[in-house]
$ cat entry-v5.cif   # mmCIF, C-alpha atoms
data_target
loop_
_atom_site.label_atom_id
_atom_site.label_comp_id
_atom_site.auth_asym_id
_atom_site.auth_seq_id
_atom_site.Cartn_x
_atom_site.Cartn_y
_atom_site.Cartn_z
CA MET A 1 -0.69 -11.49 16.93
CA SER A 2 2.88 -10.65 16.12
CA LYS A 3 2.61 -10.20 12.34
CA ALA A 4 0.71 -7.86 10.03
CA ILE A 5 0.28 -7.40 6.30
CA ILE A 6 0.20 -3.77 5.24
CA ALA A 7 -1.29 -3.39 1.73
CA ILE A 8 -0.98 0.19 0.50
CA ASP A 9 -2.95 2.16 -2.10
CA TYR A 10 -4.63 -0.64 -3.99
CA ILE A 11 -7.45 1.78 -4.77
CA ASN A 12 -9.44 2.44 -7.93
CA GLU A 13 -8.00 5.90 -8.58
CA ILE A 14 -4.49 4.50 -8.84
CA VAL A 15 -4.75 0.97 -10.25
CA HIS A 16 -8.13 0.67 -12.00
CA PRO A 17 -7.94 1.47 -15.75
CA ASP A 18 -10.59 4.18 -15.23
CA GLY A 19 -8.76 5.77 -12.28
CA LYS A 20 -7.42 9.28 -12.77
CA LEU A 21 -3.87 8.22 -11.83
CA SER A 22 -3.77 4.88 -13.64
CA GLY A 23 -2.40 6.52 -16.78
CA LYS A 24 0.94 6.89 -15.06
CA GLY A 25 1.46 3.17 -15.73
CA TYR A 26 0.19 1.57 -12.51
CA SER A 27 -2.82 -0.12 -14.09
CA ASP A 28 -0.70 -1.57 -16.89
CA PHE A 29 1.94 -2.84 -14.46
CA VAL A 30 -0.68 -4.50 -12.25
CA GLU A 31 -2.30 -6.20 -15.23
CA GLU A 32 0.99 -7.29 -16.82
CA HIS A 33 2.33 -8.80 -13.59
CA ASP A 34 -0.99 -10.22 -12.31
CA THR A 35 -0.34 -8.26 -9.13
CA LEU A 36 -3.91 -8.24 -7.78
CA ALA A 37 -4.09 -12.04 -7.87
CA ARG A 38 -0.82 -12.17 -5.92
CA VAL A 39 -2.08 -9.65 -3.35
CA ASN A 40 -5.29 -11.66 -3.00
CA GLU A 41 -3.24 -14.83 -2.42
CA LEU A 42 -1.08 -13.05 0.17
CA LEU A 43 -4.14 -11.86 2.07
CA LYS A 44 -5.82 -15.28 1.96
CA ARG A 45 -2.70 -16.95 3.33
CA GLY A 46 -2.30 -14.25 5.96
CA ARG A 47 -5.91 -14.49 7.12
CA SER A 48 -5.72 -18.28 7.41
CA ALA A 49 -2.61 -17.87 9.58
CA GLY A 50 -4.25 -15.26 11.81
CA VAL A 51 -2.12 -12.37 10.54
CA LEU A 52 -3.49 -8.85 11.06
CA ILE A 53 -4.52 -7.32 7.71
CA VAL A 54 -4.33 -3.55 7.25
CA GLY A 55 -5.38 -1.88 4.02
CA VAL A 56 -4.08 1.67 3.67
CA LEU A 57 -5.59 4.11 1.22
CA LEU A 58 -4.78 7.62 0.09
CA ALA A 59 -7.72 10.03 0.20
CA PHE A 60 -8.53 13.68 0.81
CA SER A 61 -11.60 15.20 2.43
CA PRO A 62 -14.34 16.65 0.18
CA ASP A 63 -13.09 20.21 0.81
CA TYR A 64 -9.43 19.15 0.31
CA ALA A 65 -8.55 20.88 3.60
CA ASN A 66 -5.99 18.11 4.29
CA HIS A 67 -4.49 18.18 0.79
CA PRO A 68 -0.79 19.14 0.37
CA SER A 69 -1.19 21.63 -2.48
CA ALA A 70 2.56 22.39 -2.64
CA SER A 71 3.52 18.71 -3.12
CA PRO A 72 5.02 17.92 -6.53
CA LEU A 73 3.54 14.43 -6.22
CA LEU A 74 0.11 15.02 -4.66
CA GLY A 75 -0.51 18.69 -5.46
CA GLY A 76 -2.52 17.93 -8.61
CA ALA A 77 -5.21 15.95 -6.77
CA ARG A 78 -7.40 18.93 -5.91
CA PRO A 79 -7.35 20.67 -9.32
CA ASN A 80 -8.16 17.32 -10.96
CA GLY A 81 -10.79 16.26 -8.43
CA ALA A 82 -8.77 13.12 -7.66
CA LEU A 83 -8.49 10.92 -4.58
CA LEU A 84 -11.72 12.18 -3.04
CA GLU A 85 -12.56 10.40 0.20
CA GLY A 86 -15.80 8.43 0.27
CA THR A 87 -16.02 7.94 -3.49
CA TRP A 88 -15.37 5.05 -5.89
CA ALA A 89 -11.90 6.50 -6.49
CA THR A 90 -10.69 5.70 -3.00
CA GLU A 91 -12.30 2.30 -2.56
CA PHE A 92 -10.06 -0.76 -2.57
CA ILE A 93 -9.98 -2.20 -6.08
CA GLU A 94 -12.05 -5.30 -6.71
CA GLY A 95 -9.91 -8.41 -6.98
CA SER A 96 -7.29 -7.27 -4.46
CA GLY A 97 -8.89 -9.16 -1.59
CA LEU A 98 -8.93 -6.04 0.57
CA GLY A 99 -12.03 -4.92 2.40
CA ASP A 100 -12.85 -8.13 4.28
CA ALA A 101 -14.88 -7.42 7.42
CA SER A 102 -11.96 -8.54 9.59
CA ASP A 103 -9.50 -6.13 7.92
CA HIS A 104 -8.49 -2.77 9.28
CA ALA A 105 -8.63 0.20 6.89
CA ILE A 106 -6.52 3.28 7.43
CA THR A 107 -6.75 6.50 5.44
CA LYS A 108 -3.56 8.45 4.86
CA ARG A 109 -3.13 11.98 3.55
CA ARG A 110 0.53 11.78 2.57
CA VAL A 111 2.88 9.28 0.89
CA SER A 112 3.81 7.33 4.03
CA ALA A 113 1.27 4.98 5.60
CA PHE A 114 2.61 6.04 8.99
CA HIS A 115 2.60 9.83 8.65
CA GLY A 116 -0.30 11.31 10.59
CA THR A 117 -2.19 8.01 10.82
CA GLU A 118 -3.01 5.58 13.61
CA LEU A 119 -1.08 2.76 11.93
CA ASP A 120 1.78 2.55 14.44
CA THR A 121 -0.67 2.67 17.38
CA LEU A 122 -2.81 -0.11 15.84
CA LEU A 123 0.24 -2.31 15.25
CA ARG A 124 1.76 -1.80 18.70
CA SER A 125 -1.56 -2.30 20.51
CA SER A 126 -1.97 -5.56 18.56
CA GLY A 127 1.51 -6.75 19.56
CA VAL A 128 2.82 -6.70 15.98
CA LYS A 129 6.58 -6.94 15.55
CA HIS A 130 6.91 -8.13 11.92
CA LEU A 131 5.39 -6.33 8.94
CA TYR A 132 4.83 -7.72 5.45
CA ILE A 133 4.49 -4.65 3.24
CA CYS A 134 3.19 -4.41 -0.31
CA GLY A 135 1.54 -1.73 -2.36
CA VAL A 136 1.66 0.73 -5.16
CA ALA A 137 3.89 2.44 -5.94
CA THR A 138 6.98 0.50 -4.96
CA ASP A 139 9.16 3.60 -5.34
CA LEU A 140 6.80 5.88 -3.41
CA ALA A 141 4.33 4.59 -0.82
CA VAL A 142 6.04 1.22 -0.29
CA GLN A 143 9.51 2.66 0.00
CA SER A 144 8.30 5.38 2.37
CA ALA A 145 6.45 2.93 4.63
CA VAL A 146 9.32 0.44 4.71
CA ARG A 147 11.83 3.11 5.67
CA GLU A 148 9.60 4.46 8.43
CA ALA A 149 8.75 0.96 9.70
CA HIS A 150 12.46 0.17 9.85
CA ASP A 151 13.12 3.29 11.90
CA LEU A 152 10.23 2.39 14.22
CA ASP A 153 12.03 -0.91 14.91
CA TYR A 154 9.69 -3.28 13.11
CA GLN A 155 11.07 -6.32 11.33
CA VAL A 156 10.08 -5.70 7.70
CA THR A 157 9.53 -7.99 4.74
CA VAL A 158 8.70 -6.46 1.37
CA VAL A 159 6.51 -8.83 -0.63
CA SER A 160 7.99 -7.82 -3.97
CA ASP A 161 5.61 -9.59 -6.32
CA CYS A 162 2.68 -7.93 -4.54
CA CYS A 163 4.08 -4.47 -5.28
CA ALA A 164 3.54 -2.35 -8.37
CA ALA A 165 5.08 0.75 -9.90
CA ALA A 166 4.66 2.92 -12.97
CA ASN A 167 7.24 0.77 -14.75
CA ALA A 168 9.56 -2.18 -14.18
CA ASP A 169 12.65 0.01 -13.77
CA ASP A 170 11.12 2.03 -10.91
CA HIS A 171 9.98 -1.19 -9.24
CA GLU A 172 13.27 -3.06 -9.56
CA GLN A 173 15.39 -0.10 -8.53
CA SER A 174 13.29 0.36 -5.39
CA ILE A 175 13.48 -3.31 -4.48
CA ARG A 176 17.27 -3.17 -4.81
CA MET A 177 17.40 -0.18 -2.47
CA LEU A 178 14.99 -1.66 0.06
CA GLN A 179 16.97 -4.87 0.47
CA LYS A 180 19.41 -2.82 2.56
CA ILE A 181 16.81 -2.37 5.30
CA ALA A 182 14.26 -5.15 4.74
CA THR A 183 13.92 -8.77 3.72
CA ILE A 184 12.69 -9.15 0.14
CA ALA A 185 10.41 -12.13 -0.57
CA GLU A 186 7.72 -13.32 -2.95
CA VAL A 187 4.32 -14.45 -1.75
CA GLN A 188 4.86 -18.15 -2.46
CA SER A 189 8.00 -18.25 -0.31
CA LEU A 190 6.31 -16.84 2.79
CA ASP A 191 5.60 -19.01 5.79
CA PHE A 192 3.48 -17.22 8.35
#
$ encode --input "entry-v5.cif" --output "structure tokens"
Amino acid sequence: MSKAIIAIDYINEIVHPDGKLSGKGYSDFVEEHDTLARVNELLKRGRSAGVLIVGVLLAFSPDYANHPSASPLLGGARPNGALLEGTWATEFIEGSGLGDASDHAITKRRVSAFHGTELDTLLRSSGVKHLYICGVATDLAVQSAVREAHDLDYQVTVVSDCCAAANADDHEQSIRMLQKIATIAEVQSLDF
């Protein structure tokens, strides 16, 4: 298996209208761009082609011992009781297509899907060389993962229409930046 789809942070807390972080604009973006249907299509096509599927989610332990309290981005999680591991908040959102029994799920504690996780080990032990990355937010988790994957010598494709951000400007600006280090494609153009 030389290819993998990495789908990042499609969890209730971030993209469901009732999630504590959805008010930042992620839920609206996902709805307006029909992003979950596109992610679902990407995963279906990937599974039928035998591509490794990895869902990555952001979550903190019940005591928040692994929470970065000084982070301007993530520091508010503990005071707001957000992103609590093992709760509805950190489950993959319904309609994304994530959570199939054959998928791998990885929990991260920081912005990057690679930082402090077993993601790189899983990919290398599975013989993966080419990553198809999507997620929310394009300007945060996606950009961080793509940059790190590039530096780890993976071939990277950003599936742009399967990504979401707080607003269109953040999304488009990030895609423009990422094209310097990755291929940018839409789900319908992919041929696994």
$ resolve_selection --input "entry-v5.cif" --expression "the PyMOL selection byres ((chain A and resi 62-75) around 8)" --output "list of chain:residue names"
A:Phe60, A:Ser61, A:Gly76, A:Ala77, A:Arg78, A:Leu84, A:Glu85, A:Arg109, A:Arg110
$ write_last_selection --input "entry-v5.cif" --atoms "C-alpha atoms" --output "PDB file, in the coordinates of the input"
ATOM      1  CA  PHE A  60      -8.530  13.680   0.810  1.00  0.00           C
ATOM      2  CA  SER A  61     -11.600  15.200   2.430  1.00  0.00           C
ATOM      3  CA  GLY A  76      -2.520  17.930  -8.610  1.00  0.00           C
ATOM      4  CA  ALA A  77      -5.210  15.950  -6.770  1.00  0.00           C
ATOM      5  CA  ARG A  78      -7.400  18.930  -5.910  1.00  0.00           C
ATOM      6  CA  LEU A  84     -11.720  12.180  -3.040  1.00  0.00           C
ATOM      7  CA  GLU A  85     -12.560  10.400   0.200  1.00  0.00           C
ATOM      8  CA  ARG A 109      -3.130  11.980   3.550  1.00  0.00           C
ATOM      9  CA  ARG A 110       0.530  11.780   2.570  1.00  0.00           C
TER      10      ARG A 110
END
$ resolve_selection --input "entry-v5.cif" --expression "the PyMOL selection byres ((chain A and resi 39) around 12)" --output "mmCIF file with C-alpha atoms, keeping the file's coordinate frame"
data_model
loop_
_atom_site.group_PDB
_atom_site.id
_atom_site.type_symbol
_atom_site.label_atom_id
_atom_site.label_comp_id
_atom_site.auth_asym_id
_atom_site.auth_seq_id
_atom_site.Cartn_x
_atom_site.Cartn_y
_atom_site.Cartn_z
ATOM 1 C CA ILE A 5 0.280 -7.400 6.300
ATOM 2 C CA ILE A 6 0.200 -3.770 5.240
ATOM 3 C CA ALA A 7 -1.290 -3.390 1.730
ATOM 4 C CA ILE A 8 -0.980 0.190 0.500
ATOM 5 C CA ASP A 9 -2.950 2.160 -2.100
ATOM 6 C CA TYR A 10 -4.630 -0.640 -3.990
ATOM 7 C CA VAL A 30 -0.680 -4.500 -12.250
ATOM 8 C CA HIS A 33 2.330 -8.800 -13.590
ATOM 9 C CA ASP A 34 -0.990 -10.220 -12.310
ATOM 10 C CA THR A 35 -0.340 -8.260 -9.130
ATOM 11 C CA LEU A 36 -3.910 -8.240 -7.780
ATOM 12 C CA ALA A 37 -4.090 -12.040 -7.870
ATOM 13 C CA ARG A 38 -0.820 -12.170 -5.920
ATOM 14 C CA ASN A 40 -5.290 -11.660 -3.000
ATOM 15 C CA GLU A 41 -3.240 -14.830 -2.420
ATOM 16 C CA LEU A 42 -1.080 -13.050 0.170
ATOM 17 C CA LEU A 43 -4.140 -11.860 2.070
ATOM 18 C CA LYS A 44 -5.820 -15.280 1.960
ATOM 19 C CA ARG A 45 -2.700 -16.950 3.330
ATOM 20 C CA GLY A 46 -2.300 -14.250 5.960
ATOM 21 C CA ILE A 53 -4.520 -7.320 7.710
ATOM 22 C CA GLY A 55 -5.380 -1.880 4.020
ATOM 23 C CA PHE A 92 -10.060 -0.760 -2.570
ATOM 24 C CA ILE A 93 -9.980 -2.200 -6.080
ATOM 25 C CA GLU A 94 -12.050 -5.300 -6.710
ATOM 26 C CA GLY A 95 -9.910 -8.410 -6.980
ATOM 27 C CA SER A 96 -7.290 -7.270 -4.460
ATOM 28 C CA GLY A 97 -8.890 -9.160 -1.590
ATOM 29 C CA LEU A 98 -8.930 -6.040 0.570
ATOM 30 C CA TYR A 132 4.830 -7.720 5.450
ATOM 31 C CA ILE A 133 4.490 -4.650 3.240
ATOM 32 C CA CYS A 134 3.190 -4.410 -0.310
ATOM 33 C CA GLY A 135 1.540 -1.730 -2.360
ATOM 34 C CA VAL A 136 1.660 0.730 -5.160
ATOM 35 C CA VAL A 159 6.510 -8.830 -0.630
ATOM 36 C CA SER A 160 7.990 -7.820 -3.970
ATOM 37 C CA ASP A 161 5.610 -9.590 -6.320
ATOM 38 C CA CYS A 162 2.680 -7.930 -4.540
ATOM 39 C CA CYS A 163 4.080 -4.470 -5.280
ATOM 40 C CA ALA A 164 3.540 -2.350 -8.370
ATOM 41 C CA GLU A 186 7.720 -13.320 -2.950
ATOM 42 C CA VAL A 187 4.320 -14.450 -1.750
ATOM 43 C CA GLN A 188 4.860 -18.150 -2.460
#
$ residues_around --input "entry-v5.cif" --residues "stretch 14-26 of chain A" --least-positions-apart "5" --cutoff "7 Å" --atoms "only C-alpha atoms" --output "PyMOL selection string"
chain A and resi 82+89+93+164-167
$ atom_distance --input "entry-v5.cif" --atom1 "atom CA of A:Ser102" --atom2 "atom CA of A:His130"
19.0 Å
$ resolve_selection --input "entry-v5.cif" --expression "the PyMOL selection byres ((chain A and resi 119) around 10)" --output "list in words"
Ile6, Val54, Val56, His104, Ala105, Ile106, Thr107, Lys108, Ala113, Phe114, His115, Gly116, Thr117, Glu118, Asp120, Thr121, Leu122, Leu123, Arg124 and Ser125 of chain A
$ atom_distance --input "entry-v5.cif" --atom1 "atom CA of A:Ala137" --atom2 "atom CA of A:Asp170"
8.8 Å
$ closest_residue --input "entry-v5.cif" --among "A:Gly99, A:Leu57, A:Asp151, A:Ser27" --to "A:Ile11" --atoms "all atoms listed in the file"
A:Leu57
$ atom_distance --input "entry-v5.cif" --atom1 "atom CA of A:Ala145" --atom2 "atom CA of A:Glu32"
24.4 Å
$ residues_around --input "entry-v5.cif" --residues "A:Lys180" --least-positions-apart "4" --cutoff "12 Å" --atoms "only C-alpha atoms" --output "MDAnalysis selection string"
chainID A and resid 143 146:147 150 156:158 174:176 184
$ closest_residue --input "entry-v5.cif" --among "A:Asp153, A:Arg47, A:Gly81, A:Asp28" --to "A:Ala101" --atoms "only C-alpha atoms"
A:Arg47
$ residues_near_point --input "entry-v5.cif" --point "(2.8, 8.7, -0.5)" --cutoff "6 Å" --atoms "only C-alpha atoms" --output "PDB file with C-alpha atoms, in the coordinates of the input"
ATOM      1  CA  ARG A 110       0.530  11.780   2.570  1.00  0.00           C
ATOM      2  CA  VAL A 111       2.880   9.280   0.890  1.00  0.00           C
ATOM      3  CA  SER A 112       3.810   7.330   4.030  1.00  0.00           C
ATOM      4  CA  LEU A 140       6.800   5.880  -3.410  1.00  0.00           C
ATOM      5  CA  ALA A 141       4.330   4.590  -0.820  1.00  0.00           C
TER       6      ALA A 141
END
$ closest_residue --input "entry-v5.cif" --among "A:Phe29, A:Asp103, A:Ala49, A:Glu91" --to "A:Leu190" --atoms "only C-alpha atoms"
A:Ala49
$ closest_residue --input "entry-v5.cif" --among "A:Ser189, A:Thr138, A:Gln155, A:Ser2" --to "A:Met177" --atoms "only C-alpha atoms"
A:Thr138
$ closest_residue --input "entry-v5.cif" --among "A:Gln179, A:Leu52, A:Ala149, A:Asp191" --to "A:Gly127" --atoms "all atoms listed in the file"
A:Leu52
$ closest_residue --input "entry-v5.cif" --among "A:Ser126, A:Leu178, A:Ala59, A:Val51" --to "A:Trp88" --atoms "only C-alpha atoms"
A:Ala59
$ decode --input "entry-v5.cif" --residues "stretch 86-182 of chain A" --atoms "C-alpha atoms" --output "PDB file, in the first residue's frame"
ATOM      1  CA  GLY A  86     -13.832  10.026  24.713  1.00  0.00           C
ATOM      2  CA  THR A  87     -16.843  12.322  24.371  1.00  0.00           C
ATOM      3  CA  TRP A  88     -19.218  13.284  21.546  1.00  0.00           C
ATOM      4  CA  ALA A  89     -17.061  16.367  20.953  1.00  0.00           C
ATOM      5  CA  THR A  90     -14.110  14.369  19.675  1.00  0.00           C
ATOM      6  CA  GLU A  91     -15.981  11.786  17.628  1.00  0.00           C
ATOM      7  CA  PHE A  92     -15.749  11.984  13.845  1.00  0.00           C
ATOM      8  CA  ILE A  93     -18.732  13.922  12.547  1.00  0.00           C
ATOM      9  CA  GLU A  94     -21.531  11.917  10.981  1.00  0.00           C
ATOM     10  CA  GLY A  95     -21.562  12.217   7.212  1.00  0.00           C
ATOM     11  CA  SER A  96     -17.787  12.488   6.836  1.00  0.00           C
ATOM     12  CA  GLY A  97     -17.354   8.795   6.087  1.00  0.00           C
ATOM     13  CA  LEU A  98     -14.709   8.466   8.792  1.00  0.00           C
ATOM     14  CA  GLY A  99     -14.840   5.733  11.388  1.00  0.00           C
ATOM     15  CA  ASP A 100     -15.132   2.696   9.110  1.00  0.00           C
ATOM     16  CA  ALA A 101     -13.836  -0.445  10.807  1.00  0.00           C
ATOM     17  CA  SER A 102     -10.937  -0.608   8.346  1.00  0.00           C
ATOM     18  CA  ASP A 103      -9.806   2.965   9.091  1.00  0.00           C
ATOM     19  CA  HIS A 104      -7.025   3.923  11.438  1.00  0.00           C
ATOM     20  CA  ALA A 105      -7.756   6.637  14.007  1.00  0.00           C
ATOM     21  CA  ILE A 106      -5.000   8.718  15.536  1.00  0.00           C
ATOM     22  CA  THR A 107      -5.413  11.194  18.374  1.00  0.00           C
ATOM     23  CA  LYS A 108      -3.232  14.284  18.358  1.00  0.00           C
ATOM     24  CA  ARG A 109      -2.653  16.808  21.127  1.00  0.00           C
ATOM     25  CA  ARG A 110      -1.246  19.638  19.025  1.00  0.00           C
ATOM     26  CA  VAL A 111      -1.946  21.275  15.646  1.00  0.00           C
ATOM     27  CA  SER A 112       0.163  18.914  13.533  1.00  0.00           C
ATOM     28  CA  ALA A 113      -1.067  15.380  12.883  1.00  0.00           C
ATOM     29  CA  PHE A 114       2.548  14.233  13.113  1.00  0.00           C
ATOM     30  CA  HIS A 115       3.660  15.920  16.341  1.00  0.00           C
ATOM     31  CA  GLY A 116       3.855  13.375  19.145  1.00  0.00           C
ATOM     32  CA  THR A 117       1.705  10.802  17.324  1.00  0.00           C
ATOM     33  CA  GLU A 118       2.354   7.428  15.715  1.00  0.00           C
ATOM     34  CA  LEU A 119       1.286   8.696  12.283  1.00  0.00           C
ATOM     35  CA  ASP A 120       4.718   8.601  10.635  1.00  0.00           C
ATOM     36  CA  THR A 121       5.406   5.115  12.050  1.00  0.00           C
ATOM     37  CA  LEU A 122       2.038   3.825  10.789  1.00  0.00           C
ATOM     38  CA  LEU A 123       2.637   5.244   7.312  1.00  0.00           C
ATOM     39  CA  ARG A 124       6.203   3.967   6.980  1.00  0.00           C
ATOM     40  CA  SER A 125       5.347   0.500   8.314  1.00  0.00           C
ATOM     41  CA  SER A 126       2.534   0.362   5.735  1.00  0.00           C
ATOM     42  CA  GLY A 127       4.898   1.325   2.908  1.00  0.00           C
ATOM     43  CA  VAL A 128       3.127   4.624   2.228  1.00  0.00           C
ATOM     44  CA  LYS A 129       4.972   7.126   0.040  1.00  0.00           C
ATOM     45  CA  HIS A 130       2.137   9.396  -1.180  1.00  0.00           C
ATOM     46  CA  LEU A 131      -0.262  11.237   1.124  1.00  0.00           C
ATOM     47  CA  TYR A 132      -3.596  12.790   0.197  1.00  0.00           C
ATOM     48  CA  ILE A 133      -4.286  15.292   2.964  1.00  0.00           C
ATOM     49  CA  CYS A 134      -7.528  17.065   3.812  1.00  0.00           C
ATOM     50  CA  GLY A 135      -9.030  18.516   6.940  1.00  0.00           C
ATOM     51  CA  VAL A 136     -10.082  21.480   8.948  1.00  0.00           C
ATOM     52  CA  ALA A 137      -8.701  24.029   9.229  1.00  0.00           C
ATOM     53  CA  THR A 138      -6.846  24.485   5.960  1.00  0.00           C
ATOM     54  CA  ASP A 139      -4.709  27.256   7.457  1.00  0.00           C
ATOM     55  CA  LEU A 140      -3.912  25.359  10.655  1.00  0.00           C
ATOM     56  CA  ALA A 141      -3.986  21.553  10.877  1.00  0.00           C
ATOM     57  CA  VAL A 142      -3.797  20.935   7.121  1.00  0.00           C
ATOM     58  CA  GLN A 143      -1.003  23.396   6.526  1.00  0.00           C
ATOM     59  CA  SER A 144       0.953  22.055   9.501  1.00  0.00           C
ATOM     60  CA  ALA A 145       0.592  18.419   8.411  1.00  0.00           C
ATOM     61  CA  VAL A 146       1.471  19.153   4.783  1.00  0.00           C
ATOM     62  CA  ARG A 147       4.618  21.036   5.751  1.00  0.00           C
ATOM     63  CA  GLU A 148       5.751  18.272   8.097  1.00  0.00           C
ATOM     64  CA  ALA A 149       4.902  15.530   5.577  1.00  0.00           C
ATOM     65  CA  HIS A 150       6.931  17.379   2.959  1.00  0.00           C
ATOM     66  CA  ASP A 151       9.921  17.547   5.294  1.00  0.00           C
ATOM     67  CA  LEU A 152       9.541  13.836   6.066  1.00  0.00           C
ATOM     68  CA  ASP A 153       9.931  13.188   2.316  1.00  0.00           C
ATOM     69  CA  TYR A 154       6.391  12.109   1.508  1.00  0.00           C
ATOM     70  CA  GLN A 155       4.842  13.021  -1.823  1.00  0.00           C
ATOM     71  CA  VAL A 156       1.867  15.181  -0.813  1.00  0.00           C
ATOM     72  CA  THR A 157      -1.406  16.039  -2.508  1.00  0.00           C
ATOM     73  CA  VAL A 158      -3.771  18.466  -0.801  1.00  0.00           C
ATOM     74  CA  VAL A 159      -7.366  17.617  -1.688  1.00  0.00           C
ATOM     75  CA  SER A 160      -8.512  21.228  -1.639  1.00  0.00           C
ATOM     76  CA  ASP A 161     -12.262  20.738  -1.926  1.00  0.00           C
ATOM     77  CA  CYS A 162     -12.131  18.351   1.040  1.00  0.00           C
ATOM     78  CA  CYS A 163     -10.588  21.040   3.254  1.00  0.00           C
ATOM     79  CA  ALA A 164     -12.368  23.679   5.309  1.00  0.00           C
ATOM     80  CA  ALA A 165     -11.434  26.860   7.121  1.00  0.00           C
ATOM     81  CA  ALA A 166     -13.115  29.569   9.159  1.00  0.00           C
ATOM     82  CA  ASN A 167     -13.625  31.560   5.958  1.00  0.00           C
ATOM     83  CA  ALA A 168     -12.886  31.441   2.234  1.00  0.00           C
ATOM     84  CA  ASP A 169      -9.966  33.875   2.484  1.00  0.00           C
ATOM     85  CA  ASP A 170      -8.101  31.725   5.035  1.00  0.00           C
ATOM     86  CA  HIS A 171      -8.739  28.637   2.914  1.00  0.00           C
ATOM     87  CA  GLU A 172      -7.677  30.151  -0.413  1.00  0.00           C
ATOM     88  CA  GLN A 173      -4.609  31.846   1.012  1.00  0.00           C
ATOM     89  CA  SER A 174      -3.445  28.563   2.529  1.00  0.00           C
ATOM     90  CA  ILE A 175      -3.997  26.641  -0.684  1.00  0.00           C
ATOM     91  CA  ARG A 176      -1.917  29.231  -2.557  1.00  0.00           C
ATOM     92  CA  MET A 177       0.909  28.825  -0.048  1.00  0.00           C
ATOM     93  CA  LEU A 178       0.764  25.031  -0.020  1.00  0.00           C
ATOM     94  CA  GLN A 179       1.087  24.721  -3.790  1.00  0.00           C
ATOM     95  CA  LYS A 180       4.777  25.540  -3.302  1.00  0.00           C
ATOM     96  CA  ILE A 181       5.352  22.216  -1.530  1.00  0.00           C
ATOM     97  CA  ALA A 182       2.435  19.993  -2.567  1.00  0.00           C
TER      98      ALA A 182
END
